[in-house]
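Structure first, then comments.
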Amino acid sequence: MARMEQKSEQRAVRLAQTISADYLRWAPYLSSEPKLSLAKDQGSSNHTFRLDAEHESWALRIHRALSPLGVDRIRELRTHSFAADYGLAPEIIYSGAEFLLTRWLGEEARGSIEKKPQLLTSFLRRLHSLPIAESETKDALEVSSRLAQFRRLLPECSLAKARLVEHNDCLERATTEVRQTSEQTPARLSLCHNDLNPSNLRIVNESLLHVNEPNGRHAKNSAKDRAAKAGPRVVALDWEYASLGHPFHDLAVALLPFSPKSKAQLLGDYLGHPANRTELAQFTSFLLVARALEVSWYQLYATERELQSSIQQFDDAVHVWVDHR
């Protein structure tokens with residue numbers, strides 16, 4: 001396994017070097033090749049590099065040959081481009097079958113979002129109101145199936161597998177409610193990102209984005225006008241798992257870092273009214289499944305310390321779920 005990962009990294013470095021050296025194809029105004037470096041955080045689906053020139057930087061994602069759940073890269077490119085048209089994703093500068101190049105948008109937005117959570121709920125409302133037909137995203141995500149896929153990847157004697165088995169009754173009931181909620185309210189299905197953890201979120205100034213007007217036409221205001229009206233907004237990276245889905249899953253994943261009280265308040269902000277008992281119960285099921293997905297991911301890709309913290313948060317989510325039954 002380690003040998004395969006080493007080969008994957010070597011392949012990614014070679015391809016990144018080739019793309020950097022070919023800078024005149026995607027940034028012909030540069031006077032010299034950008035500086036290439038490996039980004040601090042690496043995901044399970046991409047190797048990420050940073051390219052720096054004099055006054056701007058880019059993020060280069062080299063697709064891993066294999067990802068744990070499989071990724072349709074054609075659909076990812078289409079959905080990312082669609083979201084970028086509405087200012088919800090960074091504009092794509094250059095792309096190919098094995099890579100995606102966008103503007104570098106800085107570090108994750110977790111701390112800033114926790115101080116201004118309305119930016120997050122605003123992002124989610126915009127995303128979930130996009131016209132589905134234009135997105136060309138055909139397959140709806142079944143969150144329970146996603147969790148089942150992850151659980152099959154867990155080592156038999158792992159901490160995560162043992163804890164999920166321990167709470168299997170609650171988890172099975174929660175996944176059933178998630179599935180039923182999605183099936184019984186098909187009108188609520190919308191374009192979802194499906195991986196809105198803090199590392200995939202950024203806060204940028206709106207003047208830097210290429211944003212569509214509500215009628216679908218690109219805004220033609222001058223740069224000065226856009227700057228005058230602009231403010232901070234959230235954008236999302238890594239759209240490889242985007243699909244149709246129930247918006248509560250996106251909301252649950254995005255709100256995992258918040259306290260239980262804040263989660264309830266932000267759910268109400270998102271809905272536009274205080275959540276009723278049924279909505280709260282449904283949402284806690286999505287939260288529990290999201291925590292189970294997180295525990296599984298940490299078992300496969302994170303440190304022991306991160307896994308222990310995730311397990312404790314999963315236990316807390318079980319207690320909250322029980323309290324709402």
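In the structure tokens, chains take letters A, B, ... by order of appearance, with residues numbered from 1 within each chain and ligands from 1 in the order shown.
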
**OP:** Can you list, as a PyMOL selection string, all residues belonging to segment 119-309 of chain A that DSSP tags as alpha helix (DSSP H)?
**Re:** chain A and resi 119-128+132-135+143-153+159-166+168-184+223-229+247-254+260-271+277-301+304-309

Where does segment 79-167 of chain A meet segment 316-325 of chain A within 12 Å, residue by residue, with the nearest atom pair and distance in Å to one decimal for each, counting only C-alpha atoms, listed by chain and rising number, as CSV?
residue,atom,partner,partner_atom,distance
A:Arg163,CA,A:Val318,CA,11.1
A:Leu164,CA,A:Val318,CA,10.5
A:Glu166,CA,A:Val318,CA,11.0
A:His167,CA,A:Val318,CA,7.8

Writing out the chosen residues with N, CA and C atoms as a compact mmCIF listing (two decimals), in the first residue's frame:
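Saved the output as selection_5.txt:
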# COMPACT_ATOMS: atom_id res chain seq x y z
N ARG A 163 -16.77 1.08 17.16
CA ARG A 163 -17.71 2.07 17.71
C ARG A 163 -18.99 2.14 16.87
N LEU A 164 -18.86 2.02 15.55
CA LEU A 164 -20.05 2.03 14.71
C LEU A 164 -20.91 0.80 14.97
N GLU A 166 -21.04 -0.78 17.86
CA GLU A 166 -21.61 -0.58 19.20
C GLU A 166 -22.91 0.22 19.12
N HIS A 167 -22.93 1.22 18.25
CA HIS A 167 -24.12 2.07 18.12
C HIS A 167 -24.90 1.75 16.85

Original post:
In Å to one decimal, how far is atom CA of Glu108 of chain A from atom CA of Glu304 of chain A?
Top reply: 21.9 Å

**OP:** Fewer than 2 positions away in the same chain doesn't count, so skip those; otherwise give me all residues within 10 Å of Arg202 of chain A, counting only C-alpha atoms, as a VMD selection string.
**Re:** chain A and resid 89 to 90 105 to 110 112 to 113 198 to 200 204 232 to 237

Kindly export the residues of the current selection with N, CA and C atoms, as a compact mmCIF listing (two decimals), in the first residue's frame.
# COMPACT_ATOMS: atom_id res chain seq x y z
N ALA A 89 -17.75 28.49 -6.50
CA ALA A 89 -16.51 27.71 -6.63
C ALA A 89 -15.48 28.59 -7.34
N PRO A 90 -14.20 28.33 -7.16
CA PRO A 90 -13.19 29.12 -7.86
C PRO A 90 -13.24 28.86 -9.37
N LEU A 105 -6.98 30.16 -3.19
CA LEU A 105 -7.88 30.97 -2.38
C LEU A 105 -7.51 30.98 -0.91
N GLY A 106 -6.29 30.65 -0.58
CA GLY A 106 -5.87 30.76 0.81
C GLY A 106 -6.21 29.54 1.63
N GLU A 107 -6.21 29.73 2.95
CA GLU A 107 -6.41 28.61 3.87
C GLU A 107 -7.89 28.38 4.13
N GLU A 108 -8.18 27.27 4.82
CA GLU A 108 -9.58 26.94 5.12
C GLU A 108 -10.23 28.03 5.94
N ALA A 109 -11.55 28.13 5.84
CA ALA A 109 -12.27 29.27 6.41
C ALA A 109 -12.91 28.97 7.76
N ARG A 110 -12.52 27.87 8.41
CA ARG A 110 -13.24 27.42 9.60
C ARG A 110 -13.37 28.51 10.67
N SER A 112 -13.06 31.78 10.57
CA SER A 112 -13.83 32.94 10.14
C SER A 112 -15.31 32.61 10.02
N ILE A 113 -15.62 31.41 9.54
CA ILE A 113 -17.02 31.02 9.39
C ILE A 113 -17.70 30.88 10.74
N PRO A 198 -14.66 21.71 6.72
CA PRO A 198 -13.98 23.02 6.75
C PRO A 198 -12.81 23.14 5.78
N SER A 199 -12.09 22.05 5.52
CA SER A 199 -10.93 22.14 4.63
C SER A 199 -11.32 22.43 3.19
N ASN A 200 -12.59 22.25 2.86
CA ASN A 200 -13.05 22.52 1.50
C ASN A 200 -13.75 23.86 1.36
N VAL A 204 -13.79 34.47 0.43
CA VAL A 204 -13.13 35.38 -0.51
C VAL A 204 -13.98 36.62 -0.71
N PRO A 232 -17.55 39.74 1.61
CA PRO A 232 -17.03 38.37 1.73
C PRO A 232 -18.12 37.35 1.45
N ARG A 233 -17.71 36.25 0.85
CA ARG A 233 -18.64 35.14 0.64
C ARG A 233 -17.87 33.83 0.69
N VAL A 234 -18.60 32.77 0.96
CA VAL A 234 -18.01 31.44 1.03
C VAL A 234 -18.01 30.81 -0.36
N VAL A 235 -16.92 30.15 -0.70
CA VAL A 235 -16.88 29.30 -1.89
C VAL A 235 -16.36 27.93 -1.47
N ALA A 236 -16.64 26.93 -2.28
CA ALA A 236 -16.25 25.56 -1.96
C ALA A 236 -15.29 24.99 -3.00
N LEU A 237 -14.35 24.18 -2.53
CA LEU A 237 -13.42 23.46 -3.38
C LEU A 237 -13.86 22.00 -3.50

Which residues of segment 220-293 of chain A sit at most 12 Å from segment 30-52 of chain A, using only C-alpha atoms? Give each one's shortest atom pair and distance in Å (one decimal place), in chain and ascending residue order, as CSV.
residue,atom,partner,partner_atom,distance
A:Leu237,CA,A:Gly43,CA,11.4
A:Asp238,CA,A:Asn46,CA,8.7
A:Trp239,CA,A:Ser45,CA,10.6
A:Glu240,CA,A:Ser45,CA,8.2
A:Tyr241,CA,A:Ser45,CA,10.0

Residues of segment 64-121 of chain A at most 12 Å from segment 248-272 of chain A: nearest atom pair and distance in Å, only C-alpha atoms, as a tab-separated table:
residue	atom	partner	partner_atom	distance
A:Ala109	CA	A:Ala254	CA	11.4
A:Arg110	CA	A:Pro257	CA	8.3
A:Gly111	CA	A:Pro257	CA	9.9
A:Ile113	CA	A:Phe258	CA	10.0
A:Glu114	CA	A:Phe258	CA	7.3
A:Lys115	CA	A:Phe258	CA	10.6
A:Lys116	CA	A:Leu266	CA	11.1
A:Pro117	CA	A:Leu266	CA	7.7
A:Gln118	CA	A:Leu266	CA	7.9
A:Leu119	CA	A:Tyr270	CA	10.8
A:Leu120	CA	A:Ala254	CA	8.0
A:Thr121	CA	A:Tyr270	CA	5.5

Can I get the selection written as a PDB file, in the first residue's frame, with C-alpha atoms?
ATOM      1  CA  ALA A 109     -12.271  29.268   6.407  1.00  0.00           C
ATOM      2  CA  ARG A 110     -13.239  27.422   9.603  1.00  0.00           C
ATOM      3  CA  GLY A 111     -12.341  30.106  12.163  1.00  0.00           C
ATOM      4  CA  ILE A 113     -17.023  31.019   9.391  1.00  0.00           C
ATOM      5  CA  GLU A 114     -17.591  30.232  13.054  1.00  0.00           C
ATOM      6  CA  LYS A 115     -17.461  33.995  13.707  1.00  0.00           C
ATOM      7  CA  LYS A 116     -19.757  34.810  10.751  1.00  0.00           C
ATOM      8  CA  PRO A 117     -21.898  31.709  10.231  1.00  0.00           C
ATOM      9  CA  GLN A 118     -24.422  33.661   8.143  1.00  0.00           C
ATOM     10  CA  LEU A 119     -21.879  33.498   5.305  1.00  0.00           C
ATOM     11  CA  LEU A 120     -22.183  29.720   5.410  1.00  0.00           C
ATOM     12  CA  THR A 121     -25.982  29.580   5.449  1.00  0.00           C
TER      13      THR A 121
END

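Between atom CA of Gln180 of chain A and atom CA of Leu244 of chain A lies a distance of 15.6 Å.
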
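The interatomic distance for the pair atom CA of Arg179 of chain A and atom CA of Gln149 of chain A works out to 15.4 Å.
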
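The residue that comes closest to Leu147 of chain A, out of A:Ser57, A:Asn197, A:Thr175, A:Ser122 and on the basis of only C-alpha atoms, is A:Thr175.
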